>>> print(open('entry_32.cif').read())   # mmCIF, C-alpha atoms
data_structure
#
loop_
_atom_site.group_PDB
_atom_site.id
_atom_site.type_symbol
_atom_site.label_atom_id
_atom_site.label_comp_id
_atom_site.auth_asym_id
_atom_site.auth_seq_id
_atom_site.Cartn_x
_atom_site.Cartn_y
_atom_site.Cartn_z
ATOM 1 C CA MET A 784 -28.024 -15.402 3.062
ATOM 2 C CA ASN A 785 -24.767 -16.203 4.822
ATOM 3 C CA ALA A 786 -21.897 -14.797 2.758
ATOM 4 C CA ARG A 787 -18.166 -15.025 3.375
ATOM 5 C CA LEU A 788 -15.171 -13.217 1.910
ATOM 6 C CA HIS A 789 -11.564 -13.948 2.864
ATOM 7 C CA ILE A 790 -8.597 -12.082 1.382
ATOM 8 C CA GLN A 791 -4.953 -12.838 2.145
ATOM 9 C CA VAL A 792 -2.117 -10.911 0.482
ATOM 10 C CA ALA A 793 1.661 -11.312 0.654
ATOM 11 C CA MET A 794 4.859 -9.737 -0.712
ATOM 12 C CA ARG A 795 6.904 -11.242 -3.536
ATOM 13 C CA ASN A 796 9.820 -9.567 -5.346
ATOM 14 C CA GLY A 797 8.843 -6.150 -4.058
ATOM 15 C CA LYS A 798 5.192 -6.421 -5.122
ATOM 16 C CA THR A 799 1.999 -7.281 -3.278
ATOM 17 C CA PHE A 800 0.115 -10.262 -4.657
ATOM 18 C CA LEU A 801 -3.098 -12.084 -3.837
ATOM 19 C CA LYS A 802 -1.915 -15.126 -1.918
ATOM 20 C CA ASN A 803 -5.288 -16.655 -1.121
ATOM 21 C CA SER A 804 -8.919 -15.696 -1.567
ATOM 22 C CA PHE A 805 -12.215 -17.333 -0.809
ATOM 23 C CA CYS A 806 -15.730 -16.051 -1.345
ATOM 24 C CA THR A 807 -19.278 -17.327 -1.413
ATOM 25 C CA GLN A 808 -22.279 -15.865 -3.193
ATOM 26 C CA PRO A 809 -22.972 -13.028 -3.715
ATOM 27 C CA PHE A 810 -19.327 -11.902 -3.309
ATOM 28 C CA LYS A 811 -16.818 -11.811 -6.130
ATOM 29 C CA LEU A 812 -13.244 -10.525 -6.023
ATOM 30 C CA ALA A 813 -11.283 -9.082 -8.925
ATOM 31 C CA ASP A 814 -7.696 -7.901 -9.291
ATOM 32 C CA VAL A 815 -7.869 -4.543 -11.120
ATOM 33 C CA THR A 816 -4.223 -3.514 -10.723
ATOM 34 C CA GLU A 817 -3.284 -1.564 -13.853
ATOM 35 C CA ASP A 818 0.437 -1.122 -13.239
ATOM 36 C CA ARG A 819 1.827 -4.607 -12.724
ATOM 37 C CA SER A 820 5.196 -3.162 -11.749
ATOM 38 C CA ALA A 821 3.710 -1.272 -8.763
ATOM 39 C CA TYR A 822 3.993 -2.771 -5.309
ATOM 40 C CA ARG A 823 0.401 -1.833 -4.401
ATOM 41 C CA LEU A 824 -2.336 -4.342 -5.197
ATOM 42 C CA GLN A 825 -5.725 -2.998 -6.283
ATOM 43 C CA LEU A 826 -8.750 -5.197 -5.639
ATOM 44 C CA ILE A 827 -12.469 -4.673 -6.139
ATOM 45 C CA VAL A 828 -15.197 -6.460 -4.196
ATOM 46 C CA MET A 829 -18.212 -7.124 -6.386
ATOM 47 C CA SER A 830 -21.634 -8.539 -5.612
ATOM 48 C CA SER A 831 -24.220 -10.361 -7.700
ATOM 49 C CA SER A 832 -26.921 -9.209 -5.272
ATOM 50 C CA PRO A 833 -28.778 -5.906 -5.806
ATOM 51 C CA GLY A 834 -28.097 -5.079 -2.161
ATOM 52 C CA ILE A 835 -28.337 -6.374 1.394
ATOM 53 C CA LEU A 836 -31.589 -8.208 2.125
ATOM 54 C CA ASP A 837 -33.413 -9.204 5.287
ATOM 55 C CA ASN A 838 -31.544 -11.840 7.361
ATOM 56 C CA ASP A 839 -28.326 -11.437 5.369
ATOM 57 C CA ASP A 840 -25.166 -12.139 7.365
ATOM 58 C CA TYR A 841 -21.912 -10.991 5.735
ATOM 59 C CA ARG A 842 -18.468 -11.881 7.133
ATOM 60 C CA ILE A 843 -15.287 -10.352 5.729
ATOM 61 C CA ASN A 844 -11.724 -11.223 6.747
ATOM 62 C CA ILE A 845 -8.651 -9.475 5.336
ATOM 63 C CA GLU A 846 -5.034 -10.347 6.137
ATOM 64 C CA LEU A 847 -1.986 -8.365 5.029
ATOM 65 C CA ASP A 848 1.510 -9.770 5.428
ATOM 66 C CA GLU A 849 4.501 -7.553 6.215
ATOM 67 C CA TYR A 850 5.141 -4.633 3.825
ATOM 68 C CA CYS A 851 2.045 -5.361 1.721
ATOM 69 C CA SER A 852 0.009 -2.519 0.249
ATOM 70 C CA VAL A 853 -3.632 -2.929 -0.807
ATOM 71 C CA GLU A 854 -6.234 -0.561 -2.188
ATOM 72 C CA LEU A 855 -9.668 -2.155 -1.839
ATOM 73 C CA GLU A 856 -12.721 -0.842 -3.675
ATOM 74 C CA THR A 857 -16.396 -1.740 -3.893
ATOM 75 C CA GLN A 858 -18.488 -2.092 -7.013
ATOM 76 C CA SER A 859 -21.311 0.369 -6.360
ATOM 77 C CA TYR A 860 -23.541 1.983 -3.752
ATOM 78 C CA GLN A 861 -24.661 -0.453 -1.056
ATOM 79 C CA ARG A 862 -28.449 -0.644 -0.926
ATOM 80 C CA LEU A 863 -30.091 -1.810 2.284
ATOM 81 C CA PHE A 864 -33.533 -3.118 1.373
ATOM 82 C CA GLN A 865 -36.747 -3.176 3.410
ATOM 83 C CA MET A 866 -36.460 -5.592 6.316
ATOM 84 C CA LYS A 867 -38.409 -7.104 9.163
ATOM 85 C CA THR A 868 -35.688 -8.874 11.154
ATOM 86 C CA GLY A 869 -32.582 -7.039 9.963
ATOM 87 C CA ALA A 870 -29.199 -7.781 8.421
ATOM 88 C CA LYS A 871 -25.639 -7.641 9.715
ATOM 89 C CA GLN A 872 -22.040 -7.517 8.586
ATOM 90 C CA ALA A 873 -18.780 -8.155 10.410
ATOM 91 C CA MET A 874 -15.332 -7.309 9.075
ATOM 92 C CA GLU A 875 -11.975 -8.121 10.630
ATOM 93 C CA VAL A 876 -8.691 -6.814 9.199
ATOM 94 C CA ARG A 877 -5.250 -7.869 10.426
ATOM 95 C CA MET A 878 -2.222 -5.928 9.218
ATOM 96 C CA GLN A 879 1.343 -7.057 9.801
ATOM 97 C CA LYS A 880 4.379 -4.781 10.130
ATOM 98 C CA ALA A 881 4.656 -1.891 7.631
ATOM 99 C CA SER A 882 1.593 -2.906 5.624
ATOM 100 C CA SER A 883 -0.946 -0.429 4.282
ATOM 101 C CA LEU A 884 -4.646 -0.596 3.444
ATOM 102 C CA ILE A 885 -6.918 1.929 1.754
ATOM 103 C CA PHE A 886 -10.599 0.977 1.921
ATOM 104 C CA LEU A 887 -13.309 3.505 1.089
ATOM 105 C CA PRO A 888 -16.549 1.609 0.383
ATOM 106 C CA HIS A 889 -19.250 3.287 -1.700
ATOM 107 C CA PRO A 890 -22.025 5.062 0.256
ATOM 108 C CA SER A 891 -24.764 3.039 1.945
ATOM 109 C CA VAL A 892 -28.379 3.748 0.934
ATOM 110 C CA PRO A 893 -30.893 2.550 3.554
ATOM 111 C CA HIS A 894 -34.356 1.936 2.116
ATOM 112 C CA GLU A 895 -37.551 2.376 4.112
ATOM 113 C CA SER A 896 -37.761 0.072 7.165
ATOM 114 C CA SER A 897 -34.227 -1.232 6.717
ATOM 115 C CA LYS A 898 -32.372 -2.540 9.778
ATOM 116 C CA PHE A 899 -28.630 -2.967 9.525
ATOM 117 C CA SER A 900 -25.722 -3.380 11.919
ATOM 118 C CA SER A 901 -22.015 -3.676 11.185
ATOM 119 C CA LYS A 902 -18.907 -4.259 13.263
ATOM 120 C CA ASN A 903 -15.475 -3.427 11.868
ATOM 121 C CA LYS A 904 -12.261 -4.357 13.645
ATOM 122 C CA PHE A 905 -8.792 -3.388 12.454
ATOM 123 C CA TYR A 906 -5.655 -4.816 14.082
ATOM 124 C CA LEU A 907 -2.522 -2.855 13.142
ATOM 125 C CA SER A 908 1.123 -3.617 13.814
ATOM 126 C CA GLU A 909 3.970 -1.091 13.877
ATOM 127 C CA ASP A 910 4.524 1.208 10.876
ATOM 128 C CA CYS A 911 1.149 0.384 9.313
ATOM 129 C CA LEU A 912 -0.985 2.803 7.326
ATOM 130 C CA LEU A 913 -4.774 2.532 7.421
ATOM 131 C CA ILE A 914 -7.213 4.771 5.541
ATOM 132 C CA TRP A 915 -10.820 3.762 6.205
ATOM 133 C CA GLY A 916 -14.006 5.666 5.442
ATOM 134 C CA GLU A 917 -17.789 5.353 5.498
ATOM 135 C CA VAL A 918 -20.582 7.383 3.873
ATOM 136 C CA LEU A 919 -24.214 7.063 4.990
ATOM 137 C CA THR A 920 -27.069 8.611 3.018
ATOM 138 C CA CYS A 921 -30.573 9.441 4.203
ATOM 139 C CA GLY A 922 -32.132 6.937 1.802
ATOM 140 C CA ARG A 923 -33.787 7.343 -1.582
ATOM 141 C CA LYS A 924 -34.632 11.042 -1.733
ATOM 142 C CA LEU A 925 -36.521 10.868 -5.024
ATOM 143 C CA ASN A 926 -38.764 8.151 -3.567
ATOM 144 C CA GLY A 927 -39.591 10.258 -0.543
ATOM 145 C CA GLU A 928 -37.638 7.958 1.756
ATOM 146 C CA VAL A 929 -35.656 10.567 3.643
ATOM 147 C CA PHE A 930 -34.687 8.935 6.944
ATOM 148 C CA ARG A 931 -37.374 6.284 6.640
ATOM 149 C CA LEU A 932 -34.954 3.594 7.756
ATOM 150 C CA SER A 933 -35.643 1.763 10.997
ATOM 151 C CA ARG A 934 -32.098 1.491 12.314
ATOM 152 C CA TYR A 935 -28.498 1.761 11.169
ATOM 153 C CA HIS A 936 -25.729 0.906 13.620
ATOM 154 C CA SER A 937 -22.026 0.787 12.786
ATOM 155 C CA ILE A 938 -19.198 0.200 15.253
ATOM 156 C CA THR A 939 -15.564 0.552 14.214
ATOM 157 C CA GLU A 940 -12.639 -0.354 16.458
ATOM 158 C CA ILE A 941 -8.979 0.139 15.575
ATOM 159 C CA PHE A 942 -6.211 -1.544 17.567
ATOM 160 C CA LEU A 943 -2.516 -0.707 17.395
ATOM 161 C CA SER A 944 -0.253 -3.418 18.814
ATOM 162 C CA GLU A 945 -3.382 -4.920 20.437
ATOM 163 C CA LYS A 946 -4.268 -1.632 22.160
ATOM 164 C CA LEU A 947 -7.575 0.047 21.313
ATOM 165 C CA ILE A 948 -6.853 3.520 19.903
ATOM 166 C CA VAL A 949 -10.092 4.405 18.067
ATOM 167 C CA LYS A 950 -13.714 3.446 18.634
ATOM 168 C CA GLU A 951 -16.458 4.991 16.553
ATOM 169 C CA ASN A 952 -20.108 4.237 17.322
ATOM 170 C CA LEU A 953 -22.616 5.471 14.736
ATOM 171 C CA LEU A 954 -26.297 4.909 15.466
ATOM 172 C CA VAL A 955 -29.125 6.321 13.347
ATOM 173 C CA ALA A 956 -32.630 5.427 14.516
ATOM 174 C CA PRO A 957 -35.077 8.136 13.355
ATOM 175 C CA SER A 958 -38.001 6.672 15.305
ATOM 176 C CA VAL A 959 -36.009 7.117 18.528
ATOM 177 C CA THR A 960 -33.993 10.293 17.871
ATOM 178 C CA ASP A 961 -34.930 13.132 15.520
ATOM 179 C CA VAL A 962 -31.868 13.485 13.286
ATOM 180 C CA THR A 963 -32.749 17.111 12.468
ATOM 181 C CA LEU A 964 -32.334 18.296 16.070
ATOM 182 C CA PRO A 965 -29.354 20.361 17.299
ATOM 183 C CA GLY A 966 -26.463 18.057 18.059
ATOM 184 C CA GLN A 967 -27.627 15.653 15.354
ATOM 185 C CA LEU A 968 -27.452 16.295 11.587
ATOM 186 C CA GLU A 969 -29.070 19.744 11.925
ATOM 187 C CA GLY A 970 -30.638 19.834 8.471
ATOM 188 C CA TYR A 971 -28.032 17.829 6.566
ATOM 189 C CA THR A 972 -29.030 14.524 4.993
ATOM 190 C CA HIS A 973 -25.694 12.757 4.496
ATOM 191 C CA GLN A 974 -22.744 12.018 6.735
ATOM 192 C CA ALA A 975 -19.293 10.539 6.331
ATOM 193 C CA SER A 976 -16.241 9.669 8.371
ATOM 194 C CA LEU A 977 -12.603 9.086 7.511
ATOM 195 C CA THR A 978 -10.058 7.571 9.863
ATOM 196 C CA CYS A 979 -6.361 7.509 9.066
ATOM 197 C CA VAL A 980 -3.649 5.955 11.202
ATOM 198 C CA GLY A 981 0.007 5.913 10.170
ATOM 199 C CA ASN A 982 3.376 7.399 11.091
ATOM 200 C CA MET A 983 4.045 8.397 7.469
ATOM 201 C CA LEU A 984 1.633 11.336 7.778
ATOM 202 C CA PRO A 985 2.952 14.910 7.610
ATOM 203 C CA GLU A 986 2.837 16.794 10.906
ATOM 204 C CA THR A 987 0.579 19.412 9.306
ATOM 205 C CA ILE A 988 -2.017 16.910 8.085
ATOM 206 C CA VAL A 989 -4.887 18.352 10.148
ATOM 207 C CA GLU A 990 -4.187 21.885 8.898
ATOM 208 C CA ASN A 991 -3.904 20.594 5.329
ATOM 209 C CA ILE A 992 -7.312 18.944 5.512
ATOM 210 C CA HIS A 993 -8.862 22.120 6.917
ATOM 211 C CA GLU A 994 -7.504 24.086 3.957
ATOM 212 C CA LEU A 995 -8.821 21.519 1.493
ATOM 213 C CA LEU A 996 -12.335 21.431 2.950
ATOM 214 C CA LEU A 997 -12.771 25.170 3.412
ATOM 215 C CA ILE A 998 -13.292 25.545 -0.348
ATOM 216 C CA GLU A 999 -16.066 22.917 -0.410
ATOM 217 C CA LYS A 1000 -19.636 24.235 -0.489
ATOM 218 C CA ASP A 1001 -22.634 23.128 1.586
ATOM 219 C CA ILE A 1002 -20.790 20.938 4.062
ATOM 220 C CA SER A 1003 -19.824 21.014 7.724
ATOM 221 C CA PHE A 1004 -16.829 19.159 9.044
ATOM 222 C CA GLY A 1005 -14.590 18.534 11.998
ATOM 223 C CA VAL A 1006 -11.155 16.968 12.024
ATOM 224 C CA SER A 1007 -9.194 15.914 15.078
ATOM 225 C CA ALA A 1008 -5.738 14.480 15.651
ATOM 226 C CA LEU A 1009 -5.613 11.062 17.283
ATOM 227 C CA PRO A 1010 -3.530 10.215 20.365
ATOM 228 C CA VAL A 1011 -1.319 8.265 17.949
ATOM 229 C CA ASP A 1012 -0.144 9.423 14.507
ATOM 230 C CA GLY A 1013 -3.330 9.970 12.560
ATOM 231 C CA PHE A 1014 -6.653 11.786 12.485
ATOM 232 C CA ILE A 1015 -10.401 11.275 12.301
ATOM 233 C CA LEU A 1016 -12.679 13.376 10.098
ATOM 234 C CA ARG A 1017 -16.442 13.811 10.297
ATOM 235 C CA LEU A 1018 -18.417 15.308 7.416
ATOM 236 C CA MET A 1019 -22.021 16.356 6.926
ATOM 237 C CA GLY A 1020 -23.585 17.373 3.623
ATOM 238 C CA ASN A 1021 -26.468 16.788 1.253
ATOM 239 C CA LYS A 1022 -24.839 14.843 -1.579
ATOM 240 C CA ALA A 1023 -23.353 11.369 -1.312
ATOM 241 C CA GLU A 1024 -21.102 11.794 -4.330
ATOM 242 C CA GLN A 1025 -19.610 14.994 -2.923
ATOM 243 C CA LEU A 1026 -18.728 13.402 0.416
ATOM 244 C CA TYR A 1027 -17.393 10.272 -1.256
ATOM 245 C CA ASP A 1028 -15.209 12.328 -3.597
ATOM 246 C CA ILE A 1029 -13.834 14.274 -0.630
ATOM 247 C CA LEU A 1030 -12.769 11.059 1.109
ATOM 248 C CA LYS A 1031 -11.065 9.816 -2.052
ATOM 249 C CA SER A 1032 -9.343 13.171 -2.557
ATOM 250 C CA ILE A 1033 -7.924 13.161 0.966
ATOM 251 C CA ALA A 1034 -6.767 9.539 0.609
ATOM 252 C CA LEU A 1035 -5.001 10.432 -2.631
ATOM 253 C CA ARG A 1036 -3.248 13.372 -0.985
ATOM 254 C CA ILE A 1037 -2.007 11.178 1.819
ATOM 255 C CA THR A 1038 -0.630 8.463 -0.438
ATOM 256 C CA THR A 1039 1.082 10.899 -2.821
ATOM 257 C CA TYR A 1040 2.380 13.418 -0.292
ATOM 258 C CA LYS A 1041 5.891 14.364 -1.362
ATOM 259 C CA ASN A 1042 7.301 15.450 1.978
ATOM 260 C CA ARG A 1043 6.004 12.703 4.242
ATOM 261 C CA ARG A 1044 8.177 11.204 6.925
ATOM 262 C CA PRO A 1045 10.428 8.288 5.934
ATOM 263 C CA SER A 1046 8.757 4.941 6.506
ATOM 264 C CA THR A 1047 9.363 1.315 5.690
ATOM 265 C CA VAL A 1048 5.906 1.391 4.103
ATOM 266 C CA ASP A 1049 7.519 3.249 1.177
ATOM 267 C CA ARG A 1050 10.342 0.766 0.807
ATOM 268 C CA PRO A 1051 8.953 -2.770 0.399
ATOM 269 C CA PRO A 1052 11.567 -5.509 0.382
ATOM 270 C CA THR A 1053 12.592 -6.932 -2.979
ATOM 271 C CA THR A 1054 13.020 -10.490 -1.765
ATOM 272 C CA VAL A 1055 10.367 -13.137 -1.448
ATOM 273 C CA ASP A 1056 8.629 -12.942 1.933
ATOM 274 C CA THR A 1057 5.725 -15.374 2.019
#
>>> encode(input="entry_32.cif", output="structure tokens")
Amino acid sequence: MNARLHIQVAMRNGKTFLKNSFCTQPFKLADVTEDRSAYRLQLIVMSSSPGILDNDDYRINIELDEYCSVELETQSYQRLFQMKTGAKQAMEVRMQKASSLIFLPHPSVPHESSKFSSKNKFYLSEDCLLIWGEVLTCGRKLNGEVFRLSRYHSITEIFLSEKLIVKENLLVAPSVTDVTLPGQLEGYTHQASLTCVGNMLPETIVENIHELLLIEKDISFGVSALPVDGFILRLMGNKAEQLYDILKSIALRITTYKNRRPSTVDRPPTTVDT
């Protein structure tokens, strides 16, 4: 199935609104913003399909105008079903000046013999804030499908003012590389990553994340500052919900931090700008 999703948001009277949207089956898009006076728009991407099937080709395009703020959610865990040929997904996000995007999709669950590849590209302008995360499970544990997938390959590239600043290349192919070996997952079954780029971050953000994660049980993690304002976090654990909750907790801390640096992201214009 060839599926398309296009989201375009703009600013009007100090609030972000859904300017245009287009989707084909199985995608559906819903506005779930509770506080209509808030400038941040909350959207949820839903699907009428039980998961990604063989030969599926998903294309997602997201555009944010200046000063817009969007929190994008998914409906549920993303199941990758048994495949012969494979499936793929491509996402492209373009963010204009001082816009912000939070997108933490639910964990992916690769079934036995699944083959999936994804390419994510984010194009940021000045003063943007991006919080993007991924969680990959080992498969259906209770069905005995621990790392029975054929191949999972995800590439994420982040550009700031057209310059590549982050490239993450995640490849899991158990038939080629034993994921339990040293230097791989080393006994863990789940992994996650969180990338945050934005000049509104506190200078102590890396230390703050270390303090937060040190109290978590049964995980390993590493967090590094980026060459620009931001950080990248890698997590390993044994529970998808735990890793997913950690990503959401960190995102919440970032967006509600009281002593962050002044930024135009926090002061959207009150005039129409569409």
>>> atom_distance(input="entry_32.cif", atom1="CA of Met874 (chain A)", atom2="CA of Gly797 (chain A)")
27.5 Å
>>> residues_around(input="entry_32.cif", residues="region 907-918 of chain A", least_positions_apart="3", cutoff="9 Å", atoms="only C-alpha atoms", output="VMD selection string")
chain A and resid 850 852 876 to 891 941 to 945 973 to 984 1018 1023 1026 to 1027 1030 1034 1046 to 1048
>>> write_last_selection(input="entry_32.cif", atoms="C-alpha atoms", output="CSV table (one decimal), in the frame of the given file")
chain,number,residue,atom,x,y,z
A,850,TYR,CA,5.1,-4.6,3.8
A,852,SER,CA,0.0,-2.5,0.2
A,876,VAL,CA,-8.7,-6.8,9.2
A,877,ARG,CA,-5.2,-7.9,10.4
A,878,MET,CA,-2.2,-5.9,9.2
A,879,GLN,CA,1.3,-7.1,9.8
A,880,LYS,CA,4.4,-4.8,10.1
A,881,ALA,CA,4.7,-1.9,7.6
A,882,SER,CA,1.6,-2.9,5.6
A,883,SER,CA,-0.9,-0.4,4.3
A,884,LEU,CA,-4.6,-0.6,3.4
A,885,ILE,CA,-6.9,1.9,1.8
A,886,PHE,CA,-10.6,1.0,1.9
A,887,LEU,CA,-13.3,3.5,1.1
A,888,PRO,CA,-16.5,1.6,0.4
A,889,HIS,CA,-19.2,3.3,-1.7
A,890,PRO,CA,-22.0,5.1,0.3
A,891,SER,CA,-24.8,3.0,1.9
A,941,ILE,CA,-9.0,0.1,15.6
A,942,PHE,CA,-6.2,-1.5,17.6
A,943,LEU,CA,-2.5,-0.7,17.4
A,944,SER,CA,-0.3,-3.4,18.8
A,945,GLU,CA,-3.4,-4.9,20.4
A,973,HIS,CA,-25.7,12.8,4.5
A,974,GLN,CA,-22.7,12.0,6.7
A,975,ALA,CA,-19.3,10.5,6.3
A,976,SER,CA,-16.2,9.7,8.4
A,977,LEU,CA,-12.6,9.1,7.5
A,978,THR,CA,-10.1,7.6,9.9
A,979,CYS,CA,-6.4,7.5,9.1
A,980,VAL,CA,-3.6,6.0,11.2
A,981,GLY,CA,0.0,5.9,10.2
A,982,ASN,CA,3.4,7.4,11.1
A,983,MET,CA,4.0,8.4,7.5
A,984,LEU,CA,1.6,11.3,7.8
A,1018,LEU,CA,-18.4,15.3,7.4
A,1023,ALA,CA,-23.4,11.4,-1.3
A,1026,LEU,CA,-18.7,13.4,0.4
A,1027,TYR,CA,-17.4,10.3,-1.3
A,1030,LEU,CA,-12.8,11.1,1.1
A,1034,ALA,CA,-6.8,9.5,0.6
A,1046,SER,CA,8.8,4.9,6.5
A,1047,THR,CA,9.4,1.3,5.7
A,1048,VAL,CA,5.9,1.4,4.1
>>> residues_around(input="entry_32.cif", residues="Met829 (chain A)", least_positions_apart="3", cutoff="9 Å", atoms="all atoms listed in the file", output="PyMOL selection string")
chain A and resi 809-813+856-859
>>> residues_around(input="entry_32.cif", residues="Leu953 (chain A)", least_positions_apart="4", cutoff="9 Å", atoms="only C-alpha atoms", output="compact mmCIF listing (two decimals) with C-alpha atoms, in the frame of the given file")
# COMPACT_ATOMS: atom_id res chain seq x y z
CA TYR A 935 -28.50 1.76 11.17
CA HIS A 936 -25.73 0.91 13.62
CA SER A 937 -22.03 0.79 12.79
CA ILE A 938 -19.20 0.20 15.25
CA THR A 939 -15.56 0.55 14.21
>>> closest_residue(input="entry_32.cif", among="A:Leu968, A:Leu997, A:Ala786, A:Ile827", to="Leu855 (chain A)", atoms="all atoms listed in the file")
A:Ile827
>>> residues_around(input="entry_32.cif", residues="Ser958 (chain A)", least_positions_apart="4", cutoff="10 Å", atoms="only C-alpha atoms", output="PyMOL selection string")
chain A and resi 930-934+962
>>> atom_distance(input="entry_32.cif", atom1="CA of Gly922 (chain A)", atom2="CA of Ile1002 (chain A)")
18.2 Å
>>> resolve_selection(input="entry_32.cif", expression="the PyMOL selection byres ((chain A and resi 835) around 9)", output="list in words")
Ser832, Pro833, Gly834, Leu836, Asp837, Asn838, Asp839, Asp840, Gln861, Arg862, Leu863, Phe864, Ala870, Lys871 and Phe899 of chain A
>>> resolve_selection(input="entry_32.cif", expression="the PyMOL selection byres ((chain A and resi 1015) around 7)", output="PyMOL selection string")
chain A and resi 977-979+1006-1009+1014+1016-1017
>>> atom_distance(input="entry_32.cif", atom1="CA of Met794 (chain A)", atom2="CA of Asp848 (chain A)")
7.0 Å
>>> closest_residue(input="entry_32.cif", among="A:Asn844, A:Thr799, A:Gln865, A:Thr972", to="Cys921 (chain A)", atoms="all atoms listed in the file")
A:Thr972
>>> resolve_selection(input="entry_32.cif", expression="the PyMOL selection byres ((chain A and resi 940) around 9)", output="list in words")
Lys902, Asn903, Lys904, Phe905, Tyr906, Ile938, Thr939, Ile941, Phe942, Leu947, Ile948, Val949, Lys950, Glu951 and Asn952 of chain A
>>> write_last_selection(input="entry_32.cif", atoms="C-alpha atoms", output="short mmCIF file (atom, residue, chain, number, x, y, z; two decimals), keeping the file's coordinate frame")
data_model
loop_
_atom_site.label_atom_id
_atom_site.label_comp_id
_atom_site.auth_asym_id
_atom_site.auth_seq_id
_atom_site.Cartn_x
_atom_site.Cartn_y
_atom_site.Cartn_z
CA LYS A 902 -18.91 -4.26 13.26
CA ASN A 903 -15.48 -3.43 11.87
CA LYS A 904 -12.26 -4.36 13.64
CA PHE A 905 -8.79 -3.39 12.45
CA TYR A 906 -5.66 -4.82 14.08
CA ILE A 938 -19.20 0.20 15.25
CA THR A 939 -15.56 0.55 14.21
CA ILE A 941 -8.98 0.14 15.58
CA PHE A 942 -6.21 -1.54 17.57
CA LEU A 947 -7.58 0.05 21.31
CA ILE A 948 -6.85 3.52 19.90
CA VAL A 949 -10.09 4.40 18.07
CA LYS A 950 -13.71 3.45 18.63
CA GLU A 951 -16.46 4.99 16.55
CA ASN A 952 -20.11 4.24 17.32
#
>>> build_atoms(input="entry_32.cif", residues="region 946-961 of chain A", atoms="N, CA and C atoms", output="short mmCIF file (atom, residue, chain, number, x, y, z; two decimals), in the coordinates of the input")
data_model
loop_
_atom_site.label_atom_id
_atom_site.label_comp_id
_atom_site.auth_asym_id
_atom_site.auth_seq_id
_atom_site.Cartn_x
_atom_site.Cartn_y
_atom_site.Cartn_z
N LYS A 946 -3.69 -2.65 21.29
CA LYS A 946 -4.27 -1.63 22.16
C LYS A 946 -5.31 -0.83 21.39
N LEU A 947 -6.51 -0.69 21.96
CA LEU A 947 -7.58 0.05 21.31
C LEU A 947 -7.23 1.53 21.27
N ILE A 948 -7.20 2.10 20.05
CA ILE A 948 -6.85 3.52 19.90
C ILE A 948 -8.01 4.34 19.34
N VAL A 949 -8.94 3.70 18.64
CA VAL A 949 -10.09 4.40 18.07
C VAL A 949 -11.33 3.53 18.21
N LYS A 950 -12.42 4.13 18.66
CA LYS A 950 -13.71 3.45 18.63
C LYS A 950 -14.77 4.45 18.19
N GLU A 951 -15.41 4.13 17.08
CA GLU A 951 -16.46 4.99 16.55
C GLU A 951 -17.78 4.23 16.60
N ASN A 952 -18.80 4.87 17.15
CA ASN A 952 -20.11 4.24 17.32
C ASN A 952 -21.16 5.12 16.66
N LEU A 953 -21.63 4.70 15.49
CA LEU A 953 -22.62 5.47 14.74
C LEU A 953 -23.97 4.77 14.81
N LEU A 954 -24.95 5.45 15.36
CA LEU A 954 -26.30 4.91 15.47
C LEU A 954 -27.29 5.92 14.92
N VAL A 955 -28.06 5.49 13.91
CA VAL A 955 -29.12 6.32 13.35
C VAL A 955 -30.43 5.54 13.47
N ALA A 956 -31.32 6.05 14.30
CA ALA A 956 -32.63 5.43 14.52
C ALA A 956 -33.67 6.54 14.57
N PRO A 957 -34.18 6.97 13.42
CA PRO A 957 -35.08 8.14 13.36
C PRO A 957 -36.32 8.04 14.23
N SER A 958 -36.81 6.82 14.47
CA SER A 958 -38.00 6.67 15.30
C SER A 958 -37.70 6.94 16.77
N VAL A 959 -36.42 6.89 17.14
CA VAL A 959 -36.01 7.12 18.53
C VAL A 959 -35.47 8.53 18.72
N THR A 960 -34.62 8.98 17.78
CA THR A 960 -33.99 10.29 17.87
C THR A 960 -34.20 11.06 16.58
N ASP A 961 -34.72 12.27 16.68
CA ASP A 961 -34.93 13.13 15.52
C ASP A 961 -33.57 13.61 15.01
#
